[in-house]
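> Next comes the structure file run29.tsv, holding TSV, C-alpha atoms.
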chain	number	residue	atom	x	y	z
A	1	MET	CA	10.85	-17.16	-15.38
A	2	LYS	CA	9.48	-14.21	-17.31
A	3	ALA	CA	8.47	-10.64	-16.39
A	4	ILE	CA	5.77	-9.04	-18.53
A	5	VAL	CA	5.40	-5.26	-18.27
A	6	CYS	CA	2.38	-3.30	-19.47
A	7	VAL	CA	3.20	0.25	-20.53
A	8	LYS	CA	1.27	3.11	-22.10
A	9	GLN	CA	2.14	6.07	-24.28
A	10	VAL	CA	0.36	9.10	-22.83
A	11	PRO	CA	0.01	12.78	-23.80
A	12	ASP	CA	2.61	15.11	-22.38
A	13	THR	CA	0.35	17.08	-20.07
A	14	SER	CA	2.86	19.93	-19.91
A	15	GLY	CA	1.98	20.77	-23.52
A	16	LYS	CA	-1.16	21.24	-25.60
A	17	VAL	CA	-4.04	18.81	-24.99
A	18	ALA	CA	-6.50	18.29	-27.86
A	19	VAL	CA	-9.92	16.65	-27.63
A	20	ASN	CA	-11.94	15.10	-30.48
A	21	PRO	CA	-15.66	15.89	-30.91
A	22	ASP	CA	-16.56	12.42	-29.57
A	23	GLY	CA	-14.79	13.16	-26.28
A	24	THR	CA	-11.67	11.06	-26.94
A	25	LEU	CA	-8.17	12.51	-26.90
A	26	ASN	CA	-6.69	13.53	-30.23
A	27	ARG	CA	-3.43	11.75	-29.52
A	28	ALA	CA	-2.03	12.25	-33.03
A	29	SER	CA	-1.78	16.02	-32.50
A	30	MET	CA	-0.11	15.89	-29.07
A	31	ALA	CA	3.42	15.27	-27.88
A	32	THR	CA	3.65	11.98	-26.00
A	33	ILE	CA	5.75	10.46	-23.23
A	34	ILE	CA	6.03	7.11	-21.47
A	35	ASN	CA	3.58	6.99	-18.58
A	36	PRO	CA	5.68	7.78	-15.46
A	37	ASP	CA	4.35	4.97	-13.21
A	38	ASP	CA	4.99	2.48	-16.01
A	39	LEU	CA	8.70	3.36	-15.92
A	40	ASN	CA	8.74	2.21	-12.29
A	41	ALA	CA	7.17	-1.07	-13.44
A	42	VAL	CA	9.85	-1.41	-16.12
A	43	GLU	CA	12.59	-0.80	-13.55
A	44	ALA	CA	11.07	-3.40	-11.20
A	45	ALA	CA	11.17	-5.97	-14.00
A	46	LEU	CA	14.75	-5.05	-14.92
A	47	LYS	CA	15.85	-5.40	-11.28
A	48	LEU	CA	14.31	-8.86	-11.31
A	49	LYS	CA	16.24	-9.60	-14.51
A	50	ASP	CA	19.47	-8.37	-12.88
A	51	ALA	CA	18.90	-10.70	-9.92
A	52	SER	CA	17.59	-13.81	-11.65
A	53	GLY	CA	18.42	-13.50	-15.35
A	54	CYS	CA	14.76	-13.77	-16.34
A	55	LYS	CA	13.42	-12.54	-19.66
A	56	VAL	CA	11.56	-9.22	-19.71
A	57	VAL	CA	8.79	-8.59	-22.24
A	58	VAL	CA	7.09	-5.20	-22.55
A	59	VAL	CA	3.63	-4.85	-24.11
A	60	THR	CA	1.62	-1.78	-25.06
A	61	MET	CA	-1.62	-1.05	-26.89
A	62	GLY	CA	-1.62	1.92	-29.21
A	63	PRO	CA	-1.20	3.21	-32.77
A	64	PRO	CA	1.82	2.20	-34.89
A	65	PRO	CA	3.93	5.23	-33.77
A	66	ALA	CA	3.96	3.72	-30.25
A	67	GLU	CA	6.74	1.50	-31.57
A	68	GLY	CA	9.11	4.42	-30.94
A	69	MET	CA	8.27	4.32	-27.24
A	70	LEU	CA	8.92	0.58	-27.17
A	71	ARG	CA	12.34	1.17	-28.72
A	72	GLU	CA	13.17	3.63	-25.94
A	73	ILE	CA	12.24	1.05	-23.32
A	74	MET	CA	14.20	-1.66	-25.12
A	75	ALA	CA	17.25	0.63	-24.87
A	76	MET	CA	16.90	0.33	-21.08
A	77	GLY	CA	17.49	-3.42	-21.27
A	78	ILE	CA	14.16	-5.03	-22.21
A	79	ASP	CA	14.48	-8.29	-24.16
A	80	GLU	CA	11.28	-8.29	-26.24
A	81	ALA	CA	8.54	-5.81	-27.14
A	82	VAL	CA	4.96	-6.40	-28.28
A	83	LEU	CA	2.74	-3.74	-29.86
A	84	VAL	CA	-1.01	-4.40	-29.77
A	85	SER	CA	-2.45	-2.25	-32.53
A	86	GLY	CA	-5.61	-2.24	-34.62
A	87	ARG	CA	-8.44	0.10	-35.58
A	88	GLU	CA	-10.84	-2.27	-33.84
A	89	PHE	CA	-9.14	-1.41	-30.51
A	90	GLY	CA	-9.39	2.38	-30.87
A	91	GLY	CA	-11.36	4.36	-28.27
A	92	SER	CA	-11.31	1.58	-25.66
A	93	ASP	CA	-12.05	2.53	-22.05
A	94	THR	CA	-10.41	0.75	-19.11
A	95	PHE	CA	-12.72	-2.28	-19.35
A	96	ALA	CA	-12.11	-2.80	-23.07
A	97	THR	CA	-8.39	-2.04	-22.75
A	98	SER	CA	-7.99	-4.68	-20.04
A	99	GLN	CA	-9.83	-7.20	-22.24
A	100	ILE	CA	-7.38	-6.60	-25.08
A	101	LEU	CA	-4.22	-6.50	-22.96
A	102	ALA	CA	-5.22	-9.65	-21.08
A	103	ALA	CA	-5.70	-11.44	-24.41
A	104	ALA	CA	-2.30	-10.18	-25.58
A	105	ILE	CA	-0.61	-11.38	-22.39
A	106	LYS	CA	-2.25	-14.79	-22.80
A	107	ASN	CA	-0.88	-14.82	-26.37
A	108	ILE	CA	2.61	-14.11	-25.00
A	109	GLY	CA	2.06	-16.84	-22.40
A	110	VAL	CA	1.88	-16.71	-18.60
A	111	GLU	CA	3.83	-19.54	-16.99
A	112	ALA	CA	3.75	-20.73	-13.38
A	113	ASP	CA	6.65	-18.53	-12.22
A	114	ASP	CA	5.88	-15.37	-14.24
A	115	ILE	CA	5.09	-11.89	-12.88
A	116	VAL	CA	3.10	-9.19	-14.67
A	117	PHE	CA	4.07	-5.60	-13.77
A	118	CYS	CA	1.92	-2.53	-14.39
A	119	GLY	CA	2.16	1.10	-13.36
A	120	ARG	CA	-0.30	2.23	-10.69
A	121	GLN	CA	-2.22	4.46	-13.12
A	122	ALA	CA	-1.88	6.48	-16.31
A	123	ILE	CA	-1.71	10.27	-16.14
A	124	ASP	CA	-4.26	10.70	-18.96
A	125	GLY	CA	-7.11	8.92	-17.17
A	126	ASP	CA	-5.94	8.56	-13.54
A	127	THR	CA	-8.31	5.60	-13.00
A	128	ALA	CA	-5.85	2.98	-11.66
A	129	GLN	CA	-8.21	0.31	-13.00
A	130	VAL	CA	-6.50	-1.43	-15.92
A	131	GLY	CA	-3.87	-3.38	-13.95
A	132	SER	CA	-6.42	-4.85	-11.55
A	133	GLN	CA	-8.83	-5.65	-14.37
A	134	ILE	CA	-6.08	-7.48	-16.28
A	135	ALA	CA	-5.38	-9.63	-13.21
A	136	GLU	CA	-9.06	-10.53	-12.87
A	137	LYS	CA	-9.29	-11.53	-16.52
A	138	LEU	CA	-6.12	-13.60	-16.30
A	139	ASN	CA	-7.44	-15.13	-13.07
A	140	ILE	CA	-4.20	-14.50	-11.18
A	141	PRO	CA	-3.63	-12.84	-7.78
A	142	GLN	CA	-2.86	-9.12	-7.71
A	143	ILE	CA	-1.21	-6.68	-5.31
A	144	SER	CA	-1.56	-2.96	-5.96
A	145	TYR	CA	0.50	0.05	-4.82
A	146	ALA	CA	3.73	-1.93	-4.55
A	147	ALA	CA	6.47	0.09	-2.80
A	148	ASP	CA	8.88	-2.82	-2.30
A	149	VAL	CA	9.07	-6.22	-3.99
A	150	LYS	CA	11.03	-9.30	-2.98
A	151	VAL	CA	10.96	-12.50	-5.05
A	152	ASP	CA	12.10	-15.84	-3.67
A	153	GLY	CA	11.39	-18.63	-6.13
A	154	THR	CA	7.64	-18.62	-6.68
A	155	THR	CA	6.96	-16.55	-3.54
A	156	VAL	CA	6.50	-12.79	-3.95
A	157	THR	CA	6.48	-10.51	-0.90
A	158	VAL	CA	5.23	-6.97	-1.43
A	159	LYS	CA	5.14	-3.90	0.79
A	160	ARG	CA	1.83	-2.31	-0.20
A	161	MET	CA	1.46	1.39	0.56
A	162	LEU	CA	-1.66	2.73	2.26
A	163	GLU	CA	-2.72	6.27	3.09
A	164	ASP	CA	-1.66	5.94	6.73
A	165	GLY	CA	1.02	3.25	6.56
A	166	HIS	CA	1.67	0.00	4.72
A	167	MET	CA	0.87	-3.70	4.76
A	168	THR	CA	3.07	-6.64	3.80
A	169	ILE	CA	1.43	-9.21	1.53
A	170	GLU	CA	2.80	-12.53	0.33
A	171	THR	CA	1.51	-14.30	-2.77
A	172	GLN	CA	2.55	-16.94	-5.27
A	173	THR	CA	3.38	-16.63	-8.94
A	174	PRO	CA	1.94	-16.11	-11.44
A	175	CYS	CA	0.73	-12.76	-10.14
A	176	LEU	CA	0.27	-9.13	-11.13
A	177	LEU	CA	1.76	-6.12	-9.32
A	178	THR	CA	0.95	-2.43	-9.85
A	179	CYS	CA	3.92	-0.20	-9.04
A	180	ILE	CA	4.17	3.28	-7.53
A	181	LYS	CA	6.96	5.84	-7.89
A	182	GLU	CA	8.28	5.11	-4.38
A	183	LEU	CA	9.25	1.61	-5.51
A	184	ASN	CA	12.43	2.63	-7.35
A	185	THR	CA	14.20	5.14	-9.56
A	186	PRO	CA	13.96	4.18	-13.27
A	187	ARG	CA	17.31	3.77	-15.00
A	188	TYR	CA	18.38	5.65	-18.10
A	189	MET	CA	18.88	4.17	-21.54
A	190	SER	CA	22.40	2.85	-22.03
A	191	LEU	CA	24.58	3.69	-25.03
A	192	GLY	CA	24.80	0.01	-25.95
A	193	GLY	CA	21.05	-0.34	-25.50
A	194	ILE	CA	20.38	2.59	-27.83
A	195	MET	CA	22.61	1.05	-30.49
A	196	ASP	CA	21.00	-2.38	-30.13
A	197	CYS	CA	17.33	-1.47	-29.75
A	198	TYR	CA	16.74	-0.87	-33.46
A	199	SER	CA	18.14	-4.28	-34.38
A	200	LYS	CA	15.59	-6.05	-32.17
A	201	PRO	CA	12.20	-6.92	-33.69
A	202	VAL	CA	8.95	-5.55	-32.28
A	203	SER	CA	6.11	-8.06	-32.53
A	204	VAL	CA	2.74	-6.67	-33.61
A	205	LEU	CA	-0.54	-8.23	-32.51
A	206	ASP	CA	-3.54	-6.95	-34.46
A	207	TYR	CA	-7.22	-7.88	-34.25
A	208	ASN	CA	-6.75	-10.95	-36.45
A	209	ALA	CA	-3.96	-12.24	-34.19
A	210	LEU	CA	-6.17	-12.02	-31.08
A	211	LYS	CA	-9.70	-12.51	-32.41
A	212	ASP	CA	-9.88	-16.19	-31.43
A	213	ASP	CA	-9.43	-15.35	-27.74
A	214	PRO	CA	-12.76	-15.36	-25.84
A	215	LEU	CA	-11.92	-11.90	-24.43
A	216	ILE	CA	-11.84	-10.36	-27.91
A	217	ASP	CA	-15.53	-9.84	-28.56
A	218	PRO	CA	-16.49	-6.98	-30.94
A	219	THR	CA	-19.18	-5.95	-28.44
A	220	THR	CA	-16.68	-5.47	-25.59
A	221	ILE	CA	-13.68	-3.82	-27.27
A	222	GLY	CA	-13.07	-0.48	-28.92
A	223	LEU	CA	-15.22	2.62	-28.53
A	224	LYS	CA	-18.50	0.79	-29.22
A	225	GLY	CA	-17.71	-1.91	-26.69
A	226	SER	CA	-16.72	0.49	-23.90
A	227	PRO	CA	-19.34	0.84	-21.13
A	228	THR	CA	-17.90	4.19	-20.00
A	229	ASN	CA	-19.62	7.13	-21.69
A	230	ILE	CA	-17.86	10.49	-21.60
A	231	PHE	CA	-20.38	13.29	-21.12
A	232	LYS	CA	-17.99	16.10	-21.96
A	233	SER	CA	-14.27	16.64	-22.48
A	234	PHE	CA	-12.61	19.96	-23.03
A	235	THR	CA	-9.31	21.76	-22.77
A	236	PRO	CA	-9.37	24.03	-19.71
A	237	PRO	CA	-8.83	27.74	-20.43
A	238	GLN	CA	-5.37	29.12	-19.88
A	239	LYS	CA	-5.01	31.12	-16.70
A	240	GLY	CA	-3.91	34.73	-16.99
A	241	GLN	CA	-0.41	35.78	-16.04
A	242	GLY	CA	0.20	36.79	-12.45
A	243	LYS	CA	1.91	39.97	-11.32
A	244	MET	CA	4.73	39.88	-8.79
A	245	LEU	CA	5.25	42.75	-6.37
A	246	GLU	CA	8.58	42.84	-4.58
A	247	GLY	CA	9.44	44.76	-1.44
A	248	ALA	CA	7.94	45.41	1.99
A	249	ASP	CA	7.81	49.19	1.94
A	250	LYS	CA	4.77	51.48	1.92
A	251	ALA	CA	4.96	52.05	-1.83
A	252	THR	CA	4.64	48.32	-2.53
A	253	CYS	CA	1.70	48.03	-0.13
A	254	ASP	CA	-0.02	50.98	-1.80
A	255	GLU	CA	0.49	49.37	-5.22
A	256	LEU	CA	-1.01	46.09	-3.93
A	257	VAL	CA	-4.05	47.90	-2.52
A	258	ALA	CA	-4.52	49.75	-5.81
A	259	GLU	CA	-4.43	46.48	-7.78
A	260	LEU	CA	-6.97	44.83	-5.46
A	261	GLN	CA	-9.27	47.85	-5.68
A	262	LYS	CA	-9.01	47.82	-9.48
A	263	LYS	CA	-10.23	44.21	-9.51
A	264	HIS	CA	-13.00	45.04	-6.98
A	265	ILE	CA	-11.56	42.55	-4.50
A	266	ILE	CA	-11.51	45.23	-1.79
Would you write out, as structure tokens, the structure that this file holds?

Amino acid sequence: MKAIVCVKQVPDTSGKVAVNPDGTLNRASMATIINPDDLNAVEAALKLKDASGCKVVVVTMGPPPAEGMLREIMAMGIDEAVLVSGREFGGSDTFATSQILAAAIKNIGVEADDIVFCGRQAIDGDTAQVGSQIAEKLNIPQISYAADVKVDGTTVTVKRMLEDGHMTIETQTPCLLTCIKELNTPRYMSLGGIMDCYSKPVSVLDYNALKDDPLIDPTTIGLKGSPTNIFKSFTPPQKGQGKMLEGADKATCDELVAELQKKHII
């Protein structure tokens, strides 16, 4: 049995966000983090490893520096890491990204008892599309918004969260699950994991390694092969600082009225 986890390196939205003239994010100039929902997917796979002893493989698509993120995740207990990287893949939207990741997962190999884990969505796009699209292109069943997962042999039972409750769904492996934060609490890197993660190899799959897969068509990958067209992207203006008034006396009320009158609010 094998657990394959798709992860993404995303901009740290608490810092500066830069946009290229073509509407894509200038990721090279921004601080990055591991996508939060993907950490829940990693933890789900590691819990499965703890219970069954299965192998856990993490895969990401991104530029070469994304290897650092993979090392961090390997320090949590992941067995193998795969970096999908190539200029031909740059600028991919969700459709093109799912094409490439599905081809990479096929390259890794999906056996009869394997499970693919993804985070619900990435904080840079908030589309929640890639996981479901990967499942469709791998032709395996999918369950989204997983808040609880139980695995018994080849049977997977998932508590799927809804807006006003939940539903329980049972499926068979191989399958794909998208995970939400309510599923678990991601573990920290261990000291031994940190010491070992740099001795483990990270496999790199470039365009040449995947080009023979039917999903890797130059017309359906990368920026040119992405059907989503971004009309406009921009960094929102910084809001001005607020002013705090403390106290409940008349003087404070008078000061508040004066400030509102100055701004022509009253």
> Excluding Val116 (chain A) and any residue of its chain fewer than 3 positions from it, enumerate the residues within 8 Å of it, using only C-alpha atoms, and give them as a short mmCIF file (atom, residue, chain, number, x, y, z; two decimals) with C-alpha atoms, keeping the file's coordinate frame.

data_model
loop_
_atom_site.label_atom_id
_atom_site.label_comp_id
_atom_site.auth_asym_id
_atom_site.auth_seq_id
_atom_site.Cartn_x
_atom_site.Cartn_y
_atom_site.Cartn_z
CA ALA A 3 8.47 -10.64 -16.39
CA ILE A 4 5.77 -9.04 -18.53
CA VAL A 5 5.40 -5.26 -18.27
CA CYS A 6 2.38 -3.30 -19.47
CA PRO A 174 1.94 -16.11 -11.44
CA CYS A 175 0.73 -12.76 -10.14
CA LEU A 176 0.27 -9.13 -11.13
CA LEU A 177 1.76 -6.12 -9.32
#
> Any idea what's packed within 7 Å of region 80-97 of chain A, counting all atoms listed in the file, ignoring anything in its chain fewer than 3 positions away? Could you give it as a PyMOL selection string?
chain A and resi 24+56-64+67+70+100-101+129-130+202-207+220-223+225-226+228
> Using CA of Lys49 (chain A) and CA of Lys8 (chain A) as the two end points, give the distance in Å to one decimal.
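These two atoms are separated by 21.1 Å.
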> Give me, please, the distance in Å between CA of Ala147 (chain A) and CA of Thr178 (chain A), quoted to one decimal.
9.3 Å
> List as a ChimeraX atom specification the protein and nucleic acid residues near Asn107 (chain A), meaning an atom at most 8 Å away when only C-alpha atoms are counted, but skip any in the same chain fewer than 3 places from it.
/A:103-104,210
> Kindly give the distance, in Å, that separates CA of Thr155 (chain A) and CA of Ile143 (chain A), rounded to a single decimal.
12.9 Å
> Could you list, as an NGL selection string, every residue within 9 Å of Val158 (chain A), counting only C-alpha atoms and ignoring same-chain residues fewer than 2 positions away?
:A and (143 or 146-151 or 156 or 160 or 167-171 or 177)
> If we count all atoms listed in the file, what is near Pro36 (chain A) at a cut-off of 10 Å, once residues fewer than 4 positions away on the same chain are taken out, given as number ranges by chain?
A: 7-10, 40-41, 119-123, 180-181, 186
> Identify which of the residues A:Ile216, A:Glu163, A:Leu138, A:Gly247 lies closest to Gly109 (chain A), counting all atoms listed in the file when measuring atom-to-atom distances.
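Once distances to Gly109 (chain A) are computed over all atoms listed in the file, the minimum belongs to A:Leu138.
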> Can you work out which one of A:Cys179, A:Cys197, A:Leu260, A:Lys106 has the shortest atom-to-atom distance to Asp212 (chain A), counting all atoms listed in the file?
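Using all atoms listed in the file, Asp212 (chain A) sits closest to A:Lys106.
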> Work out where the centre of an axis-aligned box around every listed atom of region 91-103 of chain A lies and how long its edges are once 4 Å is added on each side; give both in Å to one decimal as JSON.

{"center_x": -8.5, "center_y": -3.5, "center_z": -23.7, "size_x": 16.5, "size_y": 23.8, "size_z": 17.2}
> For each of A:Pro227, A:Gly125, A:Gly242, A:Gly165, take the minimum atom-to-atom distance to Tyr145 (chain A), counting all atoms listed in the file, then give the residue where this is smallest.
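Closest to Tyr145 (chain A), using all atoms listed in the file: A:Gly165.
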> Pick from A:Ala251, A:Leu191, A:Met76, A:Cys54: nearest to Val42 (chain A), with only C-alpha atoms counted?
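With only C-alpha atoms as the atom set, the closest residue is A:Met76.
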> Considering only C-alpha atoms, can you say which of A:Thr185, A:Thr154, A:Ser98, A:Ser190 comes closest to Gln133 (chain A)?
A:Ser98
